file upload23.txt (compact mmCIF, C-alpha atoms and all ligand atoms)
# COMPACT_ATOMS: atom_id res chain seq x y z
CA MET A 1 -2.90 105.13 157.21
CA LEU A 2 -2.06 108.67 156.23
CA PRO A 3 0.44 109.17 153.44
CA ARG A 4 2.26 111.90 155.41
CA LYS A 5 1.93 114.31 158.26
CA LEU A 6 -0.84 116.75 157.43
CA ASP A 7 0.81 120.14 157.45
CA VAL A 8 -2.29 122.11 156.53
CA GLN A 9 -0.65 125.50 157.16
CA GLY A 10 2.29 124.83 154.90
CA ILE A 11 5.76 126.35 154.95
CA GLY A 12 8.03 127.82 152.27
CA MET A 13 6.61 126.88 148.86
CA THR A 14 3.33 125.77 150.48
CA SER A 15 2.96 128.74 152.86
CA GLN A 16 0.15 131.26 152.96
CA ARG A 17 2.42 133.74 151.20
CA THR A 18 2.90 131.42 148.21
CA ARG A 19 -0.85 130.75 148.10
CA ASN A 20 -1.58 134.47 148.12
CA ARG A 21 0.62 134.83 145.06
CA LEU A 22 -1.49 132.19 143.31
CA VAL A 23 -4.62 134.13 144.21
CA GLU A 24 -3.12 137.30 142.72
CA ARG A 25 -2.38 135.43 139.51
CA LEU A 26 -5.98 134.18 139.34
CA ARG A 27 -7.22 137.73 139.85
CA GLU A 28 -5.03 138.89 136.96
CA LYS A 29 -6.47 136.11 134.82
CA GLY A 30 -9.96 137.42 135.47
CA ILE A 31 -11.38 135.53 138.45
CA ARG A 32 -13.67 138.00 140.23
CA ASN A 33 -15.59 136.01 142.82
CA GLU A 34 -13.96 136.93 146.15
CA ALA A 35 -15.47 133.96 147.99
CA VAL A 36 -13.87 131.62 145.46
CA LEU A 37 -10.49 133.37 145.73
CA GLN A 38 -10.69 133.18 149.50
CA VAL A 39 -11.33 129.43 149.41
CA ILE A 40 -8.47 128.89 146.94
CA SER A 41 -6.12 130.71 149.31
CA LYS A 42 -7.14 128.40 152.16
CA THR A 43 -7.35 125.03 150.41
CA PRO A 44 -4.23 122.87 151.04
CA ARG A 45 -3.63 121.82 147.44
CA HIS A 46 -0.13 120.62 148.45
CA LEU A 47 -1.75 117.80 150.45
CA LEU A 48 -3.79 116.63 147.47
CA VAL A 49 -0.84 116.07 145.13
CA ASP A 50 2.02 113.62 145.41
CA GLU A 51 4.47 114.66 148.12
CA ALA A 52 7.24 115.02 145.54
CA LEU A 53 5.16 117.70 143.77
CA ALA A 54 4.07 119.58 146.89
CA SER A 55 6.46 122.46 146.22
CA ARG A 56 4.70 123.05 142.88
CA ALA A 57 1.18 122.84 144.27
CA TYR A 58 0.57 126.59 144.17
CA GLU A 59 1.72 127.06 140.60
CA ASP A 60 -1.20 127.67 138.27
CA THR A 61 -0.76 124.38 136.43
CA ALA A 62 -2.30 120.94 136.23
CA LEU A 63 -0.11 118.26 137.82
CA PRO A 64 -0.05 114.45 137.49
CA ILE A 65 -1.82 112.48 140.23
CA GLY A 66 -1.07 108.99 138.93
CA HIS A 67 -3.24 106.55 136.92
CA GLY A 68 -2.79 108.87 133.92
CA GLN A 69 -4.94 111.54 135.59
CA THR A 70 -4.25 115.14 136.61
CA ILE A 71 -5.28 117.57 139.30
CA SER A 72 -6.97 120.45 137.49
CA GLN A 73 -5.23 123.80 137.07
CA PRO A 74 -6.27 126.24 139.84
CA TYR A 75 -7.45 128.80 137.27
CA ILE A 76 -9.88 126.34 135.71
CA VAL A 77 -11.11 125.17 139.13
CA ALA A 78 -11.71 128.80 140.11
CA ARG A 79 -13.41 129.56 136.78
CA MET A 80 -15.74 126.56 136.92
CA THR A 81 -16.59 127.27 140.55
CA GLU A 82 -17.34 130.89 139.68
CA LEU A 83 -19.64 129.77 136.85
CA LEU A 84 -21.34 127.30 139.19
CA LEU A 85 -22.03 129.99 141.80
CA ALA A 86 -23.20 132.65 139.33
CA GLY A 87 -26.87 133.59 139.46
CA GLU A 88 -29.48 134.43 142.04
CA ASN A 89 -29.86 131.09 143.79
CA PRO A 90 -26.51 129.68 144.81
CA PRO A 91 -26.56 125.88 144.49
CA ARG A 92 -26.76 123.86 147.70
CA LYS A 93 -26.50 120.29 146.50
CA VAL A 94 -23.76 119.70 143.93
CA LEU A 95 -22.58 116.64 142.00
CA GLU A 96 -19.03 116.41 140.69
CA VAL A 97 -18.07 113.82 138.06
CA GLY A 98 -14.34 112.99 138.34
CA THR A 99 -13.12 113.24 141.95
CA GLY A 100 -9.44 112.79 141.02
CA SER A 101 -7.30 114.43 143.70
CA GLY A 102 -10.34 115.90 145.45
CA TYR A 103 -9.18 119.47 144.84
CA GLN A 104 -12.28 120.70 143.01
CA ALA A 105 -14.48 119.05 145.63
CA ALA A 106 -12.45 120.69 148.42
CA VAL A 107 -12.86 124.10 146.79
CA LEU A 108 -16.61 123.58 146.43
CA ALA A 109 -17.16 122.26 149.96
CA PRO A 110 -17.06 125.57 151.90
CA LEU A 111 -19.22 127.28 149.25
CA VAL A 112 -22.20 124.91 149.06
CA ASP A 113 -24.13 122.68 151.48
CA LYS A 114 -23.22 119.29 150.12
CA VAL A 115 -20.82 117.88 147.52
CA PHE A 116 -21.36 114.42 146.00
CA THR A 117 -18.36 113.34 143.97
CA VAL A 118 -17.93 110.28 141.77
CA GLU A 119 -14.67 108.63 140.64
CA ARG A 120 -14.25 105.51 138.49
CA ILE A 121 -10.64 104.56 139.36
CA GLU A 122 -10.71 102.63 142.61
CA PRO A 123 -7.24 103.42 144.05
CA LEU A 124 -7.80 107.13 143.38
CA TYR A 125 -11.24 106.98 144.94
CA ARG A 126 -9.82 105.30 148.07
CA ALA A 127 -6.79 107.56 148.50
CA THR A 128 -8.83 110.73 147.98
CA ARG A 129 -11.63 109.64 150.26
CA GLU A 130 -9.04 109.02 152.98
CA ILE A 131 -7.34 112.39 152.66
CA LEU A 132 -10.62 114.32 152.48
CA GLN A 133 -11.73 112.57 155.66
CA ALA A 134 -8.42 113.32 157.37
CA LEU A 135 -8.84 116.97 156.40
CA ASP A 136 -12.31 116.90 157.94
CA TYR A 137 -14.35 117.79 154.85
CA ARG A 138 -17.60 116.57 156.36
CA ASN A 139 -19.94 117.73 153.61
CA ILE A 140 -18.19 115.81 150.81
CA ARG A 141 -19.49 112.34 149.96
CA THR A 142 -17.35 110.20 147.68
CA TYR A 143 -18.58 107.40 145.41
CA LEU A 144 -16.87 104.78 143.26
CA SER A 145 -18.88 104.64 140.06
CA ASP A 146 -19.18 105.68 136.42
CA GLY A 147 -20.21 109.30 136.74
CA SER A 148 -21.54 109.50 133.21
CA TRP A 149 -24.64 107.92 134.75
CA GLY A 150 -24.74 110.73 137.30
CA LEU A 151 -25.83 109.69 140.78
CA ALA A 152 -29.49 108.80 140.51
CA SER A 153 -29.89 107.98 144.22
CA GLU A 154 -29.18 111.60 145.19
CA ALA A 155 -30.71 113.45 142.19
CA PRO A 156 -31.85 116.08 141.43
CA PHE A 157 -28.88 118.42 141.92
CA ASP A 158 -28.73 122.21 142.06
CA ALA A 159 -25.58 122.03 139.96
CA ILE A 160 -23.40 119.40 138.32
CA ILE A 161 -19.74 119.91 137.49
CA ALA A 162 -17.77 117.51 135.30
CA THR A 163 -13.98 117.57 135.50
CA ALA A 164 -13.45 115.03 132.74
CA ALA A 165 -14.53 115.66 129.14
CA PRO A 166 -17.03 113.50 127.24
CA GLU A 167 -17.36 113.84 123.47
CA GLU A 168 -21.07 114.35 123.99
CA VAL A 169 -22.99 115.40 127.08
CA PRO A 170 -24.29 112.30 128.92
CA PRO A 171 -28.12 112.47 128.99
CA ALA A 172 -28.23 111.28 132.63
CA LEU A 173 -26.44 114.44 133.75
CA LEU A 174 -29.07 116.60 132.03
CA GLU A 175 -31.88 114.55 133.56
CA GLN A 176 -30.46 114.88 137.06
CA LEU A 177 -30.49 118.69 137.04
CA ALA A 178 -33.17 120.41 139.10
CA ILE A 179 -35.19 123.13 137.35
CA GLY A 180 -32.96 126.20 137.05
CA ALA A 181 -29.84 124.12 137.76
CA LYS A 182 -26.64 124.27 135.74
CA LEU A 183 -24.30 121.65 134.32
CA ILE A 184 -20.72 122.88 133.92
CA ILE A 185 -18.90 120.54 131.59
CA PRO A 186 -15.98 120.42 129.15
CA VAL A 187 -17.16 118.82 125.91
CA GLY A 188 -15.13 117.64 122.94
CA LYS A 189 -12.69 115.17 121.50
CA GLN A 190 -9.58 114.09 123.33
CA GLY A 191 -6.56 115.85 121.83
CA GLY A 192 -8.90 118.15 119.93
CA LEU A 193 -10.55 121.31 121.12
CA GLN A 194 -12.88 121.01 124.10
CA TRP A 195 -15.27 123.76 125.11
CA LEU A 196 -16.34 124.57 128.60
CA GLN A 197 -20.13 124.62 128.41
CA VAL A 198 -22.74 125.80 130.88
CA ILE A 199 -26.08 124.10 130.26
CA THR A 200 -29.10 125.34 132.21
CA ARG A 201 -32.34 123.45 132.72
CA MET A 202 -35.14 125.96 132.12
CA ASP A 203 -38.56 126.19 133.82
CA ASP A 204 -40.23 124.57 130.81
CA GLY A 205 -37.85 121.62 130.87
CA THR A 206 -35.77 122.73 127.88
CA TYR A 207 -32.03 123.39 128.09
CA THR A 208 -29.94 126.37 127.06
CA THR A 209 -26.23 126.04 126.36
CA VAL A 210 -23.58 128.73 126.59
CA ASP A 211 -20.04 128.04 125.35
CA HIS A 212 -17.27 129.57 127.42
CA GLU A 213 -13.54 129.09 126.90
CA ALA A 214 -11.49 126.37 125.21
CA VAL A 215 -10.14 123.91 127.77
CA GLN A 216 -8.15 120.68 128.05
CA PHE A 217 -9.37 117.85 130.28
CA VAL A 218 -8.74 114.15 130.52
CA PRO A 219 -11.51 112.10 128.84
CA MET A 220 -14.67 111.04 130.61
CA ILE A 221 -14.54 107.27 130.26
CA LYS A 222 -17.57 104.99 130.33
N1 LIG B 1 -11.65 117.17 139.89
C1 LIG B 1 -10.34 116.55 139.81
C2 LIG B 1 -9.90 116.40 138.38
C3 LIG B 1 -9.28 115.08 138.16
S1 LIG B 1 -9.04 114.58 136.48
C4 LIG B 1 -9.35 117.30 140.64
O1 LIG B 1 -9.65 118.42 141.11
O2 LIG B 1 -8.26 116.80 140.86
C5 LIG B 1 -10.59 113.83 136.11
C6 LIG B 1 -10.97 112.60 136.86
O3 LIG B 1 -12.17 112.11 136.26
C7 LIG B 1 -9.97 111.45 136.83
O4 LIG B 1 -9.66 111.08 138.14
C8 LIG B 1 -10.73 110.34 136.10
O5 LIG B 1 -10.44 109.04 136.57
C9 LIG B 1 -12.18 110.70 136.36
N2 LIG B 1 -13.16 110.15 135.44
C10 LIG B 1 -13.08 110.01 134.09
N3 LIG B 1 -14.20 109.46 133.59
C11 LIG B 1 -15.03 109.24 134.66
C12 LIG B 1 -16.33 108.68 134.80
N4 LIG B 1 -17.03 108.24 133.75
N5 LIG B 1 -16.86 108.61 136.05
C13 LIG B 1 -16.16 109.04 137.13
N6 LIG B 1 -14.93 109.58 137.05
C14 LIG B 1 -14.36 109.67 135.83
call {"tool": "encode", "arguments": {"input": "upload23.txt", "output": "structure tokens"}}
result
Amino acid sequence: MLPRKLDVQGIGMTSQRTRNRLVERLREKGIRNEAVLQVISKTPRHLLVDEALASRAYEDTALPIGHGQTISQPYIVARMTELLLAGENPPRKVLEVGTGSGYQAAVLAPLVDKVFTVERIEPLYRATREILQALDYRNIRTYLSDGSWGLASEAPFDAIIATAAPEEVPPALLEQLAIGAKLIIPVGKQGGLQWLQVITRMDDGTYTTVDHEAVQFVPMIK
């Protein structure tokens, strides 16, 4: 059963106009990838948050989604997606650890061939799977599992994105990268400073790490 009527277009605080204002804000904050901005302007974030929060869905903030989790801030979703797409060979097969509301997966879906996304909280996994299906995101596959183990059955991936922060990078995620693939992951202690890292698997099998900005994510829990 659907939680509510799916008003994909939106009206008032969820209208295209309001979404365009969000896109302008992201531009001001430095997001440059036009394809990413375009997808953000089309993605119905108001249908992925609790109905009571729908009017705030196009503010550039994280919002609670229950179970102590949050839907990521649009800026950070845009930034991570931009980092994921950067480079000569755009990734086709992508793994996301931490499905949550499904927003990051929904933003990735039109930009890559296939999104595999893993969530460890069962009610969240179920609710999000249902809404993504109702919204007809056919290239997103959802899994209920501990994503710190990656998703061995579908590996290797052209990119992996983690939307929950471990204190240390789980080795399985490194192992499941294809050659030349990138892992985009916030790393650090809960409550302390976390850094958004981009780790690339090189031709010779070694890894290079680049630190980007300081971020705040919920913890990746084993
Ligand atoms: N990408 C989400 C962000 C949700 S917050 C969105 O756009 O809304 C991060 C999510 O990661 C939470 O739902 C949390 O339950 C999940 N998570 C934390 N540790 C995990 C793990 N080890 N495996 C899978 N999911 C995990």
call {"tool": "residues_near_point", "arguments": {"input": "upload23.txt", "point": "(-31.6, 132.2, 140.0)", "cutoff": "12 Å", "atoms": "all atoms listed in the file", "output": "list in words"}}
result
Leu84, Leu85, Ala86, Gly87, Glu88, Asn89, Pro90, Pro91, Asp158, Ala159, Ala178, Ile179, Gly180, Ala181, Lys182, Thr200, Arg201, Met202 and Asp203 of chain A
call {"tool": "closest_residue", "arguments": {"input": "upload23.txt", "among": "A:Met220, A:Leu22, A:Leu173, A:Leu132", "to": "ligand LIG 1 (chain B)", "atoms": "all atoms listed in the file"}}
result
A:Met220
call {"tool": "residues_near_ligand", "arguments": {"input": "upload23.txt", "ligand": "ligand LIG 1 (chain B)", "cutoff": "6 Å", "atoms": "all atoms listed in the file", "output": "ChimeraX atom specification"}}
result
/A:69-72,97-104,118-121,145-148,163-164,218-222
call {"tool": "atom_distance", "arguments": {"input": "upload23.txt", "atom1": "atom CA of Lys29 of chain A", "atom2": "atom CA of Leu83 of chain A"}}
result
14.8 Å
call {"tool": "residues_around", "arguments": {"input": "upload23.txt", "residues": "Ala105 of chain A", "least_positions_apart": "3", "cutoff": "8 Å", "atoms": "all atoms listed in the file", "output": "PyMOL selection string"}}
result
chain A and resi 96+99+102+108-109+115+117+140
call {"tool": "residues_around", "arguments": {"input": "upload23.txt", "residues": "segment 183-193 of chain A", "least_positions_apart": "3", "cutoff": "6 Å", "atoms": "only C-alpha atoms", "output": "PyMOL selection string"}}
result
chain A and resi 159-162+165-167+196-199
call {"tool": "write_last_selection", "arguments": {"input": "upload23.txt", "atoms": "C-alpha atoms", "output": "CSV table (one decimal), in the frame of the given file"}}
result
chain,number,residue,atom,x,y,z
A,159,ALA,CA,-25.6,122.0,140.0
A,160,ILE,CA,-23.4,119.4,138.3
A,161,ILE,CA,-19.7,119.9,137.5
A,162,ALA,CA,-17.8,117.5,135.3
A,165,ALA,CA,-14.5,115.7,129.1
A,166,PRO,CA,-17.0,113.5,127.2
A,167,GLU,CA,-17.4,113.8,123.5
A,196,LEU,CA,-16.3,124.6,128.6
A,197,GLN,CA,-20.1,124.6,128.4
A,198,VAL,CA,-22.7,125.8,130.9
A,199,ILE,CA,-26.1,124.1,130.3
call {"tool": "closest_residue", "arguments": {"input": "upload23.txt", "among": "A:Ala54, A:Ile131, A:Val210, A:Met80", "to": "Met13 of chain A", "atoms": "all atoms listed in the file"}}
result
A:Ala54
call {"tool": "residues_near_point", "arguments": {"input": "upload23.txt", "point": "(-16.6, 119.2, 153.8)", "cutoff": "7 Å", "atoms": "all atoms listed in the file", "output": "MDAnalysis selection string"}}
result
chainID A and resid 106 109:110 136:140
call {"tool": "atom_distance", "arguments": {"input": "upload23.txt", "atom1": "atom CA of Gln38 of chain A", "atom2": "atom CA of Glu59 of chain A"}}
result
16.5 Å
call {"tool": "atom_distance", "arguments": {"input": "upload23.txt", "atom1": "atom CA of Pro64 of chain A", "atom2": "atom CA of Trp195 of chain A"}}
result
21.7 Å
call {"tool": "closest_residue", "arguments": {"input": "upload23.txt", "among": "A:Leu47, A:Leu95, A:Ser55, A:Leu174", "to": "Ala127 of chain A", "atoms": "all atoms listed in the file"}}
result
A:Leu47
call {"tool": "decode", "arguments": {"input": "upload23.txt", "residues": "segment 121-140 of chain A", "atoms": "C-alpha atoms", "output": "mmCIF file, in the first residue's frame"}}
result
data_model
loop_
_atom_site.group_PDB
_atom_site.id
_atom_site.type_symbol
_atom_site.label_atom_id
_atom_site.label_comp_id
_atom_site.auth_asym_id
_atom_site.auth_seq_id
_atom_site.Cartn_x
_atom_site.Cartn_y
_atom_site.Cartn_z
ATOM 1 C CA ILE A 121 17.266 -1.486 8.855
ATOM 2 C CA GLU A 122 14.439 -3.679 7.639
ATOM 3 C CA PRO A 123 11.448 -1.278 7.889
ATOM 4 C CA LEU A 124 13.442 1.408 6.059
ATOM 5 C CA TYR A 125 14.517 -1.079 3.418
ATOM 6 C CA ARG A 126 10.892 -2.163 2.862
ATOM 7 C CA ALA A 127 9.356 1.312 2.789
ATOM 8 C CA THR A 128 12.021 2.666 0.439
ATOM 9 C CA ARG A 129 11.886 -0.312 -1.878
ATOM 10 C CA GLU A 130 8.131 0.209 -2.166
ATOM 11 C CA ILE A 131 8.306 3.902 -2.967
ATOM 12 C CA LEU A 132 11.148 3.479 -5.472
ATOM 13 C CA GLN A 133 9.098 0.823 -7.241
ATOM 14 C CA ALA A 134 6.013 3.038 -7.228
ATOM 15 C CA LEU A 135 8.101 5.825 -8.754
ATOM 16 C CA ASP A 136 9.228 3.382 -11.441
ATOM 17 C CA TYR A 137 12.981 3.477 -10.783
ATOM 18 C CA ARG A 138 13.642 0.287 -12.717
ATOM 19 C CA ASN A 139 17.428 0.348 -12.578
ATOM 20 C CA ILE A 140 17.652 0.458 -8.772
#
